[in-house]
Each structure stands twice: as structure tokens, then as C-alpha cells.
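Trainee: Below is the file data-v3.cif, which contains mmCIF, C-alpha atoms and all ligand atoms.
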```cif
data_target
loop_
_atom_site.label_atom_id
_atom_site.label_comp_id
_atom_site.auth_asym_id
_atom_site.auth_seq_id
_atom_site.Cartn_x
_atom_site.Cartn_y
_atom_site.Cartn_z
CA MET A 1 189.60 120.18 19.84
CA THR A 2 189.97 119.39 16.22
CA THR A 3 188.66 121.20 13.19
CA PRO A 4 187.39 119.66 9.99
CA SER A 5 190.82 119.75 8.45
CA ALA A 6 190.53 116.93 5.94
CA ARG A 7 188.85 117.84 2.69
CA PRO A 8 185.96 115.55 1.75
CA THR A 9 185.95 113.09 -1.11
CA PRO A 10 183.14 113.98 -3.54
CA ALA A 11 180.34 111.55 -4.29
CA GLN A 12 179.83 110.06 -7.75
CA THR A 13 176.80 108.32 -9.16
CA VAL A 14 176.30 104.65 -8.30
CA GLY A 15 175.77 104.09 -12.05
CA PRO A 16 173.82 101.27 -13.68
CA PHE A 17 176.05 98.31 -12.80
CA HIS A 18 175.94 98.16 -8.98
CA GLY A 19 173.70 95.09 -9.24
CA CYS A 20 176.69 92.74 -9.40
CA ALA A 21 178.16 94.18 -6.21
CA LEU A 22 175.85 95.85 -3.71
CA PRO A 23 172.57 93.93 -3.43
CA PHE A 24 172.95 90.69 -1.47
CA PRO A 25 170.65 87.74 -0.75
CA GLY A 26 168.49 88.55 2.25
CA GLY A 27 169.38 92.24 2.02
CA GLY A 28 165.77 93.21 2.53
CA ASP A 29 165.09 90.61 5.25
CA ALA A 30 166.43 92.45 8.27
CA ALA A 31 163.77 91.14 10.68
CA PRO A 32 164.77 88.03 12.66
CA ALA A 33 162.66 85.06 11.59
CA GLY A 34 159.14 85.10 13.04
CA HIS A 35 159.68 88.27 15.09
CA PRO A 36 156.30 89.65 16.28
CA ASP A 37 157.32 93.26 15.55
CA THR A 38 158.11 92.67 11.89
CA LEU A 39 157.37 95.64 9.64
CA VAL A 40 156.83 95.02 5.93
CA LEU A 41 157.58 98.14 3.92
CA HIS A 42 157.36 98.41 0.16
CA GLY A 43 156.81 100.89 -2.64
CA HIS A 44 157.92 102.22 -5.97
CA VAL A 45 160.66 104.63 -6.91
CA ARG A 46 159.52 107.01 -9.66
CA ASP A 47 161.18 109.74 -11.69
CA GLY A 48 159.89 113.19 -12.64
CA ALA A 49 157.78 111.76 -15.47
CA GLY A 50 156.19 109.21 -13.13
CA ALA A 51 158.17 106.38 -14.75
CA PRO A 52 159.47 103.61 -12.51
CA VAL A 53 163.18 103.68 -11.68
CA PRO A 54 164.36 100.09 -12.20
CA ASP A 55 167.99 100.60 -11.20
CA ALA A 56 167.77 102.29 -7.80
CA LEU A 57 169.32 100.96 -4.61
CA LEU A 58 167.73 101.73 -1.25
CA GLU A 59 169.23 101.43 2.21
CA PHE A 60 167.32 101.54 5.49
CA TRP A 61 168.87 102.09 8.91
CA GLY A 62 167.27 102.57 12.28
CA PRO A 63 166.49 101.35 15.77
CA GLY A 64 164.75 98.22 16.91
CA PRO A 65 161.36 98.29 18.67
CA ASP A 66 163.09 99.36 21.93
CA GLY A 67 164.41 102.51 20.24
CA GLU A 68 168.03 101.34 20.59
CA LEU A 69 170.36 101.45 17.61
CA PRO A 70 171.71 97.96 16.91
CA ARG A 71 175.42 97.11 17.10
CA ALA A 72 175.01 93.58 15.74
CA THR A 73 176.98 92.64 12.63
CA GLY A 74 176.17 90.01 10.02
CA SER A 75 173.92 91.77 7.50
CA LEU A 76 175.98 90.23 4.67
CA ARG A 77 176.88 86.99 6.49
CA ARG A 78 179.21 85.00 4.29
CA ASP A 79 180.23 81.43 3.71
CA PRO A 80 184.01 81.22 4.14
CA MET A 81 184.09 78.00 2.15
CA THR A 82 182.36 79.10 -1.06
CA GLY A 83 182.64 82.86 -0.67
CA GLY A 84 178.87 83.03 -1.15
CA PHE A 85 176.19 84.43 1.09
CA LEU A 86 174.76 82.46 4.01
CA GLY A 87 171.91 84.90 4.64
CA ARG A 88 171.35 86.48 8.04
CA ASP A 89 171.43 84.19 11.07
CA GLY A 90 167.70 84.74 11.79
CA ILE A 91 168.46 85.77 15.39
CA GLY A 92 170.39 89.04 15.49
CA PHE A 93 169.03 92.37 14.28
CA THR A 94 171.53 94.63 12.52
CA GLY A 95 169.07 97.45 11.76
CA PHE A 96 170.36 97.60 8.20
CA ALA A 97 168.53 96.63 5.02
CA ARG A 98 169.57 97.10 1.40
CA VAL A 99 167.39 96.39 -1.63
CA ALA A 100 167.52 97.14 -5.32
CA THR A 101 164.35 98.09 -7.20
CA ASP A 102 163.07 95.49 -9.66
CA ALA A 103 162.21 96.02 -13.34
CA ASP A 104 158.94 97.70 -12.25
CA GLY A 105 160.76 100.08 -9.93
CA HIS A 106 159.33 98.22 -6.94
CA TRP A 107 161.11 97.24 -3.71
CA ALA A 108 160.18 95.57 -0.42
CA VAL A 109 161.89 95.13 2.95
CA ARG A 110 160.99 93.19 6.08
CA THR A 111 162.50 94.83 9.11
CA LEU A 112 161.49 95.56 12.70
CA ARG A 113 159.07 98.29 13.66
CA PRO A 114 161.31 101.14 14.91
CA GLY A 115 160.77 102.47 18.41
CA ALA A 116 160.79 106.18 19.28
CA ARG A 117 164.08 107.89 20.20
CA GLY A 118 164.46 111.24 21.89
CA GLY A 119 161.66 113.53 20.77
CA HIS A 120 161.26 111.80 17.43
CA ALA A 121 158.28 109.94 16.08
CA PRO A 122 159.34 106.39 15.11
CA HIS A 123 161.11 106.34 11.76
CA LEU A 124 163.92 104.79 9.74
CA ALA A 125 166.66 106.61 7.87
CA VAL A 126 166.63 105.96 4.11
CA CYS A 127 169.39 106.48 1.57
CA VAL A 128 168.57 106.42 -2.17
CA PHE A 129 171.13 105.67 -4.87
CA ALA A 130 170.49 105.51 -8.62
CA ARG A 131 171.99 106.06 -12.02
CA GLY A 132 171.25 109.71 -12.80
CA LEU A 133 171.72 110.77 -9.18
CA THR A 134 175.10 112.51 -9.01
CA ARG A 135 175.04 111.79 -5.27
CA HIS A 136 172.72 109.88 -2.98
CA LEU A 137 169.57 111.30 -1.42
CA PHE A 138 168.68 110.96 2.25
CA THR A 139 165.11 110.76 3.43
CA ARG A 140 163.14 109.16 6.30
CA VAL A 141 160.17 106.84 6.47
CA TYR A 142 157.85 107.48 9.42
CA LEU A 143 155.24 105.07 10.73
CA PRO A 144 151.59 106.04 10.13
CA ALA A 145 150.06 108.54 12.56
CA ALA A 146 153.37 110.39 12.97
CA ASP A 147 151.67 113.29 11.17
CA ARG A 148 148.51 113.23 13.31
CA GLU A 149 147.98 116.43 15.36
CA PRO A 150 149.67 117.42 17.56
CA ILE A 151 152.83 116.76 15.63
CA THR A 152 155.73 116.28 17.99
CA ASP A 153 158.48 115.17 15.63
CA PRO A 154 160.76 118.17 14.92
CA LEU A 155 161.30 117.40 11.23
CA LEU A 156 157.63 116.67 10.46
CA ALA A 157 156.50 119.71 12.45
CA ALA A 158 158.69 121.99 10.32
CA LEU A 159 157.10 120.84 7.03
CA PRO A 160 153.87 121.97 5.38
CA PRO A 161 151.24 119.18 5.44
CA GLU A 162 151.52 118.14 1.79
CA ARG A 163 155.29 117.78 2.02
CA ARG A 164 155.09 116.07 5.40
CA ALA A 165 152.86 113.40 3.91
CA THR A 166 155.65 112.26 1.58
CA LEU A 167 157.60 110.95 4.60
CA VAL A 168 154.83 108.90 6.19
CA ALA A 169 154.16 105.29 5.21
CA VAL A 170 150.57 104.27 4.51
CA ALA A 171 149.14 101.25 6.33
CA GLU A 172 147.56 98.64 4.05
CA PRO A 173 144.72 96.26 4.87
CA ARG A 174 146.92 93.18 5.17
CA GLY A 175 149.38 94.79 7.55
CA SER A 176 152.07 95.93 5.15
CA HIS A 177 153.05 99.56 4.72
CA ARG A 178 153.50 101.46 1.49
CA PHE A 179 156.17 104.11 1.00
CA ASP A 180 156.65 105.48 -2.51
CA ILE A 181 159.67 107.60 -3.37
CA ARG A 182 159.28 110.32 -6.03
CA LEU A 183 162.60 111.76 -7.09
CA GLN A 184 161.05 114.78 -8.78
CA GLY A 185 157.79 116.53 -9.62
CA ALA A 186 154.34 116.46 -8.05
CA ALA A 187 154.47 115.03 -4.53
CA GLU A 188 158.27 114.97 -4.70
CA THR A 189 159.62 113.19 -1.61
CA VAL A 190 161.25 115.41 1.00
CA PHE A 191 165.01 114.84 0.85
CA LEU A 192 167.34 115.81 3.67
CA GLU A 193 170.74 117.24 4.37
CA PHE A 194 172.43 117.12 7.75
CA ALA A 195 174.20 119.95 9.53
CA MET B 1 166.08 115.47 -28.27
CA ALA B 2 168.90 114.70 -30.66
CA THR B 3 171.92 113.02 -29.11
CA ALA B 4 174.61 115.58 -28.38
CA THR B 5 178.10 115.46 -29.79
CA GLN B 6 181.16 115.35 -27.55
CA SER B 7 181.98 118.96 -28.36
CA GLU B 8 178.47 120.04 -27.35
CA ILE B 9 178.87 118.16 -24.05
CA ASP B 10 182.34 119.70 -23.55
CA HIS B 11 180.73 123.11 -24.00
CA GLU B 12 178.02 122.34 -21.42
CA ILE B 13 180.69 121.10 -19.00
CA ALA B 14 182.60 124.37 -19.44
CA GLN B 15 179.41 126.36 -18.87
CA ALA B 16 178.59 124.52 -15.64
CA ARG B 17 182.14 125.13 -14.39
CA ALA B 18 181.94 128.83 -15.26
CA THR B 19 178.61 129.14 -13.44
CA TYR B 20 180.13 127.49 -10.36
CA GLU B 21 183.25 129.70 -10.41
CA ALA B 22 181.09 132.81 -10.84
CA SER B 23 179.02 131.83 -7.80
CA VAL B 24 182.21 131.34 -5.76
CA ALA B 25 183.51 134.73 -6.96
CA GLY B 26 180.17 136.15 -5.83
CA GLY B 27 180.73 134.87 -2.30
CA ALA B 28 179.19 131.37 -2.36
CA ALA B 29 181.11 128.68 -0.46
CA ARG B 30 183.11 126.16 -2.44
CA THR B 31 181.53 122.74 -2.40
CA ALA B 32 183.12 119.36 -2.95
CA GLN B 33 179.85 117.66 -3.77
CA PRO B 34 178.26 117.55 -7.22
CA ALA B 35 174.96 119.36 -7.73
CA HIS B 36 171.96 117.04 -8.16
CA ALA B 37 171.01 118.87 -11.36
CA TYR B 38 173.86 118.54 -13.85
CA PRO B 39 172.58 118.81 -17.46
CA PRO B 40 175.67 117.35 -19.23
CA TYR B 41 174.89 114.04 -17.46
CA ARG B 42 171.59 113.48 -19.24
CA SER B 43 170.05 110.94 -16.83
CA THR B 44 169.95 113.57 -14.08
CA ALA B 45 167.15 115.46 -15.91
CA LEU B 46 164.20 113.51 -14.51
CA ARG B 47 165.92 112.11 -11.44
CA HIS B 48 167.01 115.13 -9.43
CA PRO B 49 164.79 116.77 -6.82
CA ARG B 50 163.59 120.27 -7.70
CA GLN B 51 162.70 121.16 -4.13
CA PRO B 52 165.60 122.30 -1.94
CA LEU B 53 166.94 119.72 0.53
CA VAL B 54 165.49 120.13 4.02
CA THR B 55 168.18 120.69 6.64
CA VAL B 56 168.15 118.55 9.78
CA ALA B 57 170.22 120.18 12.55
CA LEU B 58 171.93 117.30 14.32
CA SER B 59 173.88 119.54 16.68
CA GLN B 60 170.76 119.80 18.89
CA ASP B 61 169.85 116.18 18.47
CA PRO B 62 172.17 113.50 19.89
CA GLU B 63 169.41 110.88 19.53
CA ALA B 64 169.15 111.22 15.75
CA VAL B 65 169.18 107.88 13.96
CA GLU B 66 171.60 109.25 11.36
CA LEU B 67 174.34 109.88 13.96
CA ALA B 68 174.95 106.14 14.17
CA SER B 69 175.73 103.69 11.40
CA PRO B 70 175.21 99.99 10.81
CA ALA B 71 178.01 97.76 12.11
CA PHE B 72 179.86 95.23 10.00
CA GLY B 73 182.24 92.54 11.16
CA GLY B 74 184.25 89.46 10.38
CA THR B 75 181.21 87.48 9.25
CA ASP B 76 180.45 90.04 6.53
CA VAL B 77 183.66 89.52 4.55
CA THR B 78 185.77 86.54 3.56
CA ALA B 79 189.55 86.31 3.46
CA LEU B 80 189.61 86.49 -0.35
CA ASP B 81 187.19 89.39 -0.80
CA HIS B 82 189.93 92.01 -0.98
CA ASP B 83 191.77 90.18 -3.79
CA LEU B 84 189.74 90.33 -7.00
CA THR B 85 192.43 88.36 -8.85
CA ARG B 86 191.95 85.20 -6.75
CA GLN B 87 188.20 84.66 -6.85
CA HIS B 88 188.23 82.18 -9.75
CA GLN B 89 190.15 79.12 -10.94
CA GLY B 90 192.53 81.16 -13.06
CA ALA B 91 194.05 84.62 -13.05
CA PRO B 92 192.23 87.47 -14.82
CA LEU B 93 193.74 89.21 -17.81
CA GLY B 94 195.01 92.73 -17.36
CA GLU B 95 197.48 94.85 -15.49
CA ARG B 96 197.66 93.65 -11.87
CA ILE B 97 197.41 96.54 -9.41
CA THR B 98 196.95 97.24 -5.74
CA VAL B 99 194.76 100.09 -4.52
CA SER B 100 195.32 101.04 -0.91
CA GLY B 101 194.86 103.98 1.39
CA ARG B 102 193.03 105.15 4.49
CA LEU B 103 189.41 105.92 5.29
CA LEU B 104 189.20 109.13 7.34
CA ASP B 105 186.59 111.49 8.73
CA ARG B 106 186.56 115.27 8.31
CA SER B 107 188.80 115.64 11.35
CA GLY B 108 191.38 113.39 9.74
CA ARG B 109 190.68 110.56 12.18
CA PRO B 110 190.70 106.97 10.94
CA VAL B 111 187.35 105.25 10.43
CA ARG B 112 187.96 101.78 11.89
CA GLY B 113 186.31 98.45 11.19
CA GLN B 114 183.93 99.77 8.54
CA LEU B 115 182.85 98.13 5.32
CA ILE B 116 184.30 99.13 1.95
CA GLU B 117 182.79 97.58 -1.18
CA ILE B 118 184.13 98.01 -4.72
CA TRP B 119 183.05 97.03 -8.22
CA GLN B 120 184.61 97.59 -11.61
CA ALA B 121 184.80 96.62 -15.27
CA ASN B 122 187.36 94.09 -16.44
CA ALA B 123 190.53 95.01 -18.32
CA ALA B 124 188.57 95.21 -21.58
CA GLY B 125 186.02 97.62 -20.12
CA ARG B 126 183.14 95.19 -19.58
CA TYR B 127 181.13 94.56 -16.41
CA ALA B 128 180.02 91.07 -15.44
CA HIS B 129 176.46 92.43 -15.54
CA GLN B 130 173.82 91.24 -18.00
CA LEU B 131 172.82 94.80 -18.90
CA ASP B 132 176.35 95.64 -20.01
CA GLN B 133 176.24 94.88 -23.72
CA HIS B 134 179.48 96.63 -24.68
CA PRO B 135 180.99 94.26 -27.26
CA ALA B 136 184.20 93.71 -25.31
CA PRO B 137 185.11 90.27 -23.98
CA LEU B 138 183.98 89.01 -20.60
CA ASP B 139 186.75 87.45 -18.53
CA PRO B 140 185.73 84.13 -16.94
CA HIS B 141 188.32 84.76 -14.25
CA PHE B 142 187.08 88.17 -13.20
CA THR B 143 183.84 89.25 -11.53
CA GLY B 144 185.09 92.67 -10.46
CA VAL B 145 183.56 92.78 -6.98
CA GLY B 146 185.50 93.22 -3.73
CA ARG B 147 184.93 93.94 -0.04
CA THR B 148 187.05 94.64 3.01
CA LEU B 149 186.87 96.03 6.52
CA THR B 150 189.10 98.98 7.40
CA GLY B 151 191.90 98.38 9.92
CA ASP B 152 192.67 100.21 13.15
CA ASP B 153 194.41 102.97 11.22
CA GLY B 154 191.50 103.22 8.76
CA GLY B 155 193.66 101.39 6.23
CA TYR B 156 192.37 99.26 3.39
CA ALA B 157 193.97 97.44 0.47
CA PHE B 158 192.62 95.71 -2.63
CA THR B 159 194.42 93.68 -5.26
CA THR B 160 192.74 93.79 -8.64
CA ILE B 161 193.42 94.52 -12.31
CA LYS B 162 193.25 97.92 -13.91
CA PRO B 163 189.77 98.37 -15.43
CA GLY B 164 189.35 99.44 -19.03
CA ALA B 165 187.55 102.53 -20.31
CA TYR B 166 184.08 101.81 -21.68
CA PRO B 167 181.49 103.53 -23.88
CA TRP B 168 178.09 104.66 -22.63
CA ARG B 169 175.09 106.29 -24.23
CA ASN B 170 175.00 109.71 -22.62
CA HIS B 171 175.94 111.31 -25.96
CA THR B 172 177.53 110.27 -29.24
CA GLY B 173 181.02 108.95 -28.61
CA ALA B 174 180.77 109.01 -24.83
CA TRP B 175 183.51 107.05 -23.01
CA ARG B 176 183.99 106.68 -19.28
CA PRO B 177 187.57 107.08 -18.04
CA ALA B 178 188.80 103.94 -16.26
CA HIS B 179 187.42 103.90 -12.71
CA ILE B 180 186.64 101.73 -9.71
CA HIS B 181 183.32 102.25 -7.88
CA PHE B 182 183.67 102.54 -4.08
CA SER B 183 180.96 102.25 -1.42
CA LEU B 184 181.83 103.42 2.12
CA PHE B 185 180.28 103.60 5.57
CA GLY B 186 181.40 105.84 8.42
CA THR B 187 180.54 106.01 12.11
CA ALA B 188 177.41 108.01 11.22
CA PHE B 189 174.88 107.29 8.48
CA THR B 190 175.28 110.96 7.48
CA GLN B 191 178.74 109.98 6.15
CA ARG B 192 177.46 107.31 3.77
CA LEU B 193 179.34 107.64 0.49
CA ILE B 194 179.36 106.03 -2.94
CA THR B 195 181.94 107.38 -5.33
CA GLN B 196 184.43 106.45 -8.07
CA MET B 197 188.22 106.35 -8.07
CA TYR B 198 190.12 107.31 -11.22
CA PHE B 199 193.65 106.69 -12.48
CA PRO B 200 196.13 109.54 -12.97
CA GLY B 201 196.56 111.19 -16.35
CA ASP B 202 193.52 109.76 -18.11
CA PRO B 203 192.84 111.78 -21.31
CA LEU B 204 189.09 111.16 -20.92
CA PHE B 205 188.78 113.23 -17.71
CA ALA B 206 187.93 116.49 -19.48
CA HIS B 207 185.20 114.83 -21.57
CA ASP B 208 183.42 112.84 -18.84
CA PRO B 209 180.21 114.41 -17.48
CA ILE B 210 180.25 112.12 -14.45
CA LEU B 211 183.68 113.14 -13.18
CA GLN B 212 182.97 116.73 -14.22
CA SER B 213 179.69 116.76 -12.26
CA VAL B 214 182.08 117.72 -9.45
CA THR B 215 182.50 121.31 -10.60
CA ASP B 216 185.18 122.20 -8.04
CA ALA B 217 188.59 121.48 -9.59
CA ALA B 218 190.38 120.72 -6.31
CA ALA B 219 187.60 118.37 -5.23
CA ARG B 220 187.71 116.61 -8.59
CA GLU B 221 191.42 115.94 -8.14
CA ARG B 222 190.67 114.14 -4.90
CA LEU B 223 188.91 111.45 -6.94
CA VAL B 224 192.16 110.58 -8.73
CA ALA B 225 194.49 108.01 -7.14
CA ARG B 226 198.25 108.57 -7.08
CA TYR B 227 200.69 106.14 -8.58
CA ASP B 228 202.95 105.14 -5.68
CA HIS B 229 206.07 103.32 -6.76
CA ASP B 230 206.82 102.27 -3.18
CA ARG B 231 203.60 100.28 -3.26
CA SER B 232 204.46 98.57 -6.54
CA GLU B 233 205.83 95.07 -6.15
CA PRO B 234 208.75 93.98 -8.36
CA GLU B 235 207.72 91.40 -10.96
CA TRP B 236 204.16 91.50 -9.64
CA SER B 237 201.96 94.62 -9.42
CA LEU B 238 201.66 98.40 -9.74
CA GLY B 239 200.66 100.35 -6.65
CA TYR B 240 198.04 103.08 -6.44
CA ARG B 241 197.25 105.05 -3.32
CA TRP B 242 193.89 106.67 -2.58
CA ASP B 243 192.75 108.15 0.74
CA ILE B 244 189.04 108.74 1.24
CA VAL B 245 187.56 111.42 3.49
CA LEU B 246 183.92 111.02 4.50
CA ASP B 247 181.79 114.14 4.50
CA GLY B 248 178.86 114.70 6.84
CA PRO B 249 178.55 115.56 10.52
CA THR B 250 179.40 112.97 13.17
CA ALA B 251 178.72 112.86 16.90
CA THR B 252 182.34 113.72 17.82
CA TRP B 253 182.56 116.48 15.26
CA ILE B 254 179.40 118.09 16.67
CA GLU B 255 180.55 117.64 20.31
CA GLU B 256 183.78 119.44 19.50
CA GLY B 257 181.94 122.38 18.00
CA ARG B 258 183.23 121.43 14.55
FE FE C 1 181.40 102.19 -13.96
#
```
Let me see the structure of the file written as C-alpha cells.
Ligand SMILES: [Fe+2]

Mentor:
Amino acid sequence: MTTPSARPTPAQTVGPFHGCALPFPGGGDAAPAGHPDTLVLHGHVRDGAGAPVPDALLEFWGPGPDGELPRATGSLRRDPMTGGFLGRDGIGFTGFARVATDADGHWAVRTLRPGARGGHAPHLAVCVFARGLTRHLFTRVYLPAADREPITDPLLAALPPERRATLVAVAEPRGSHRFDIRLQGAAETVFLEFA
Amino acid sequence: MATATQSEIDHEIAQARATYEASVAGGAARTAQPAHAYPPYRSTALRHPRQPLVTVALSQDPEAVELASPAFGGTDVTALDHDLTRQHQGAPLGERITVSGRLLDRSGRPVRGQLIEIWQANAAGRYAHQLDQHPAPLDPHFTGVGRTLTGDDGGYAFTTIKPGAYPWRNHTGAWRPAHIHFSLFGTAFTQRLITQMYFPGDPLFAHDPILQSVTDAAARERLVARYDHDRSEPEWSLGYRWDIVLDGPTATWIEEGR
């Protein structure tokens, strides 16, 4: 039995200059090449005035279609000769994607459709970093229909309908899914803390 | 809104600290983490959520996605990534330093084999980033980006140069104390952390709304590395030591009843 004896290191903002360090080529391409369960997710990050946030960094983490959490490495696969990035190997699935927003505050990832785990509706964990955020924000992106009655997912079930809707991606005609993140204001995204 | 002066910002920083200390005196728990709303750091105004965070109780939920974390391995780093002074043809200008320490969880246990990423300004206080237009020289021999995996004891070590202070536009005359940005993963995604490490004795600490966004004085001190003469190398480099403790519940912590 141990107690939380070590005192935590505080978070500090990611600031405006993470672009030289954290995004990496293929960061948003987590799905193995040609995988039939590929899920294309995209959206905008907006601030409390509705303006796009062009310097946010988003991370996605979650299970593969079988509901299992991946143990594969190689998200940032490197070239030992040049020190550059090789891109992912196109075979393994690490379950991890990282993308920066572009000048329009837009982002896109190609990952695998998450399977259900435990009593949860299928979803991915999301972590949001940006200049102006003193610390990161956690949220989740659920697949469409997760909020259809009866709602079985414990987090979604605990939220009023209009807040619940902020966590559910919207299917688009060509098969992609839209998930906008609003840091503040009307339709503010539900952000999470863990206990 | 007119741009604030440094003394106006200093006053706002003092107010935020007094509000925090009053809440602690009134029975609120101390918190190491900065509040999302921190007015002296102006960019927080439109970027912090106004709704309270929704609590997810992981203690009843061993299947939660956030209780695991992505894995990184030998293919994700190269042998030179931890040495920011050897990534170019020549050596960068500046004071050569090592920064080393251990990555731990709240129980004090080492976090093994996880990814640490760092980025920083050069010795003149300029980032190798196109949006950084501070009129200080770029250094062709310094990119300021490093990565490593933690060892079996949670240990990590970087060789780099001491970054310079740099101005920013939060208010008139705003300068950031010298710092290195750190990005860290734990065994659980709940422990994900991005933070900044500072150097001891910097006179800019009191005036910096980013460091001061951590309103708890003891927590703020944990962002400052220690100079460790035993880690300095004669005729070569100065040694700084910084241990990092990841916050956030983990599977083992929950199993053990915290
Ligand atoms: Fe910085």
C-alpha cells in the first residue's frame, strides 16, 4: 500500500512555439494503410468569440475496432541515418494520433473506428493543448448514435442532452465525421477531469 | 483594451495569489495546477471553459480508455535526440548544460520507457519557428528540439544550451524567464502533462504571468530546476536536476485505494 506521497508537477501552457517540436509527419495518420475500419475525423477548434484557434495541438488515444488498447510503438518512427521521420510503418496500430490545427483552426485525423469497452459507447480520448490554455483540456469524441436512447454510456447518460451533443461526432455524406471543439461560450465542449 | 503595464500585471498577479490564499484559508484544498481562467495571462480570456469540468470516476471503471497510455519505443527516438548540441554540423552558441532527473508518478514510482519531448529557445532567446519574430539571432547550429525515453529508474538526461529570456506581447515590457518546455506521458492518459522548467534565481519569475498562473507557491517552486554541481562536468557543462511527478489517477493508484 502506497499513498500519493510525491507532489505533482504543475502544468504550464504549451505556448505558441510547439510547432517545431510536437507535430510530426504522419501524426494524424494513425490508421494502417487501406484498413477497412478507417475513421476520418475532422473539425475546427474555436474560442469564446467563435474565432478559429490556429495554434492548438490535439491528441487522440483509444482502442482499435476490437476494443483492445494498442501496445504497438512507432507513432513517431524515425530514420536513424538522417534523424528525420520515416512515417508510420503502415501495418501496426498505435492508437495514438497528434495533429496541430492549421491557420483556419482546422484539423483532421485518420484513425481506426474504436470498438466498445466495458459499458462504454465507442469513443476516443482527446487532449487539447493551446496557447492561452494554462493546462490541457481532456474531452472525448463518441461515434454517432452514442446519444440515441436508451443511452448506456455512463458519461453521456449523466449529461443534459445539449451538453451531451458536444461529445458526439456528426457523420457526413462522404463517410467522414465532424467533431468541432469550442473552448468557451455557446455549445462549449464538455471537458473532463478524472478522479 | 489598452495594453497593461508590468506594474498593472504585477498587481493582478498579487490579487490572484491573495484570492487563492484566501480560499485555502477558508478551507479549500491546495492545488498544484493552474486555474484555466487566469486574467494576468491575457490569452486565457477567450480560451478557457466557463462550464465546470465534468468528473469521470475511474475508480469504478477499469476499462476506461484514459487508464492506459500510448506506448513509445526504440523506433520513436534516435541516439542523438537527447543531445541538442549535436544535431548540426557545428556546436551551438551558449552555455552548455545538462538537464537530468526522474519521471515519477504520485506514489513516487518511476515511470519507465515513456516519451519525453522538449523544446526551447536558443541562447539569444529565439525559437527556430517562423512565427517567432523577436529580433535576436537564429543559431544555424541549434534547433532546440529533443526527445528521449525514460530508463528503468524513470531517469532521463538531456544535453543542451541554456535558453535565453525572450519578450512576448502579453503586456508592455513582458519578458519570459528562461525556460525549457517539457511534454510527458505516463502509464495512463490521465497523467498527460505539458509544462515548463525554469532555472534557479531568475529575476523575471515574479513578473511572469505564465509561471505565476500556478498560484500555489510550493507548487511553483517545483517548476524550478536545481543547480547540481555533482552533475556539472569539468571543462564541459553545468548540471541541472529536475524531477517530474505526473498528476492524475492511474490503475495501480486506484487499486491501492490511493
Ligand atoms: Fe517558450

Trainee: 7 Å from ligand FE 1 (chain C) is the threshold here; counting all atoms listed in the file, which polymer residues fall inside it? Answer as a PyMOL selection string.

Mentor: (chain A and resi 15+17) or (chain B and resi 120-121+179-181)

Trainee: Work out how far apart CA of Gly239 in chain B and CA of Thr148 in chain B are and give it in Å to one decimal.

Mentor: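 We find that CA of Gly239 in chain B and CA of Thr148 in chain B lie 17.6 Å from each other.
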
Trainee: When you count only C-alpha atoms, which of these residues is closest to chain A: B:Ala174, B:Ala14, B:Ala251, B:Val145?

Mentor: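 Between B:Ala174, B:Ala14, B:Ala251, B:Val145, the residue approaching chain A most closely is B:Val145.
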
Trainee: As an exercise, work out the distance from CA of Phe60 in chain A to CA of Gly105 in chain A in Å and give it to one decimal place.

Mentor: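 Computed distance, CA of Phe60 in chain A to CA of Gly105 in chain A, equals 16.8 Å.
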
Trainee: Select residues of chain B: the criterion is any atom within 7 Å of an atom of chain A, counting all atoms listed in the file; output as a count of residues only.

Mentor: 51

Trainee: State, in Å with one decimal place, the distance from CA of Thr187 in chain B to CA of Asp243 in chain B.

Mentor: 16.8 Å

Trainee: Within 10 Å of (185.3, 93.3, -12.3), in the coordinates the file gives, what residues turn up when you count only C-alpha atoms, written out as a ChimeraX atom specification?

Mentor: /A:20-21 /B:84-85,92,118-123,125-129,138-139,141-146,160-164,180

Trainee: Would you pick out the contacts of range 175-180 of chain A at 9 Å or less, using all atoms listed in the file, so that residues sharing its chain but fewer than 4 positions from it are not included, and give the list as a tab-separated table (two decimals) with C-alpha atoms, keeping the file's coordinate frame?

Mentor:
```
chain	number	residue	atom	x	y	z
A	39	LEU	CA	157.37	95.64	9.64
A	40	VAL	CA	156.83	95.02	5.93
A	41	LEU	CA	157.58	98.14	3.92
A	42	HIS	CA	157.36	98.41	0.16
A	43	GLY	CA	156.81	100.89	-2.64
A	44	HIS	CA	157.92	102.22	-5.97
A	45	VAL	CA	160.66	104.63	-6.91
A	46	ARG	CA	159.52	107.01	-9.66
A	106	HIS	CA	159.33	98.22	-6.94
A	141	VAL	CA	160.17	106.84	6.47
A	143	LEU	CA	155.24	105.07	10.73
A	144	PRO	CA	151.59	106.04	10.13
A	166	THR	CA	155.65	112.26	1.58
A	167	LEU	CA	157.60	110.95	4.60
A	168	VAL	CA	154.83	108.90	6.19
A	169	ALA	CA	154.16	105.29	5.21
A	170	VAL	CA	150.57	104.27	4.51
A	171	ALA	CA	149.14	101.25	6.33
A	189	THR	CA	159.62	113.19	-1.61
```

Trainee: What's the 6 Å shell around Pro114 in chain A, counting all atoms listed in the file, without same-chain residues fewer than 5 positions away, as a list in words?

Mentor: Pro63, Gly64, Pro65 and Pro122 of chain A
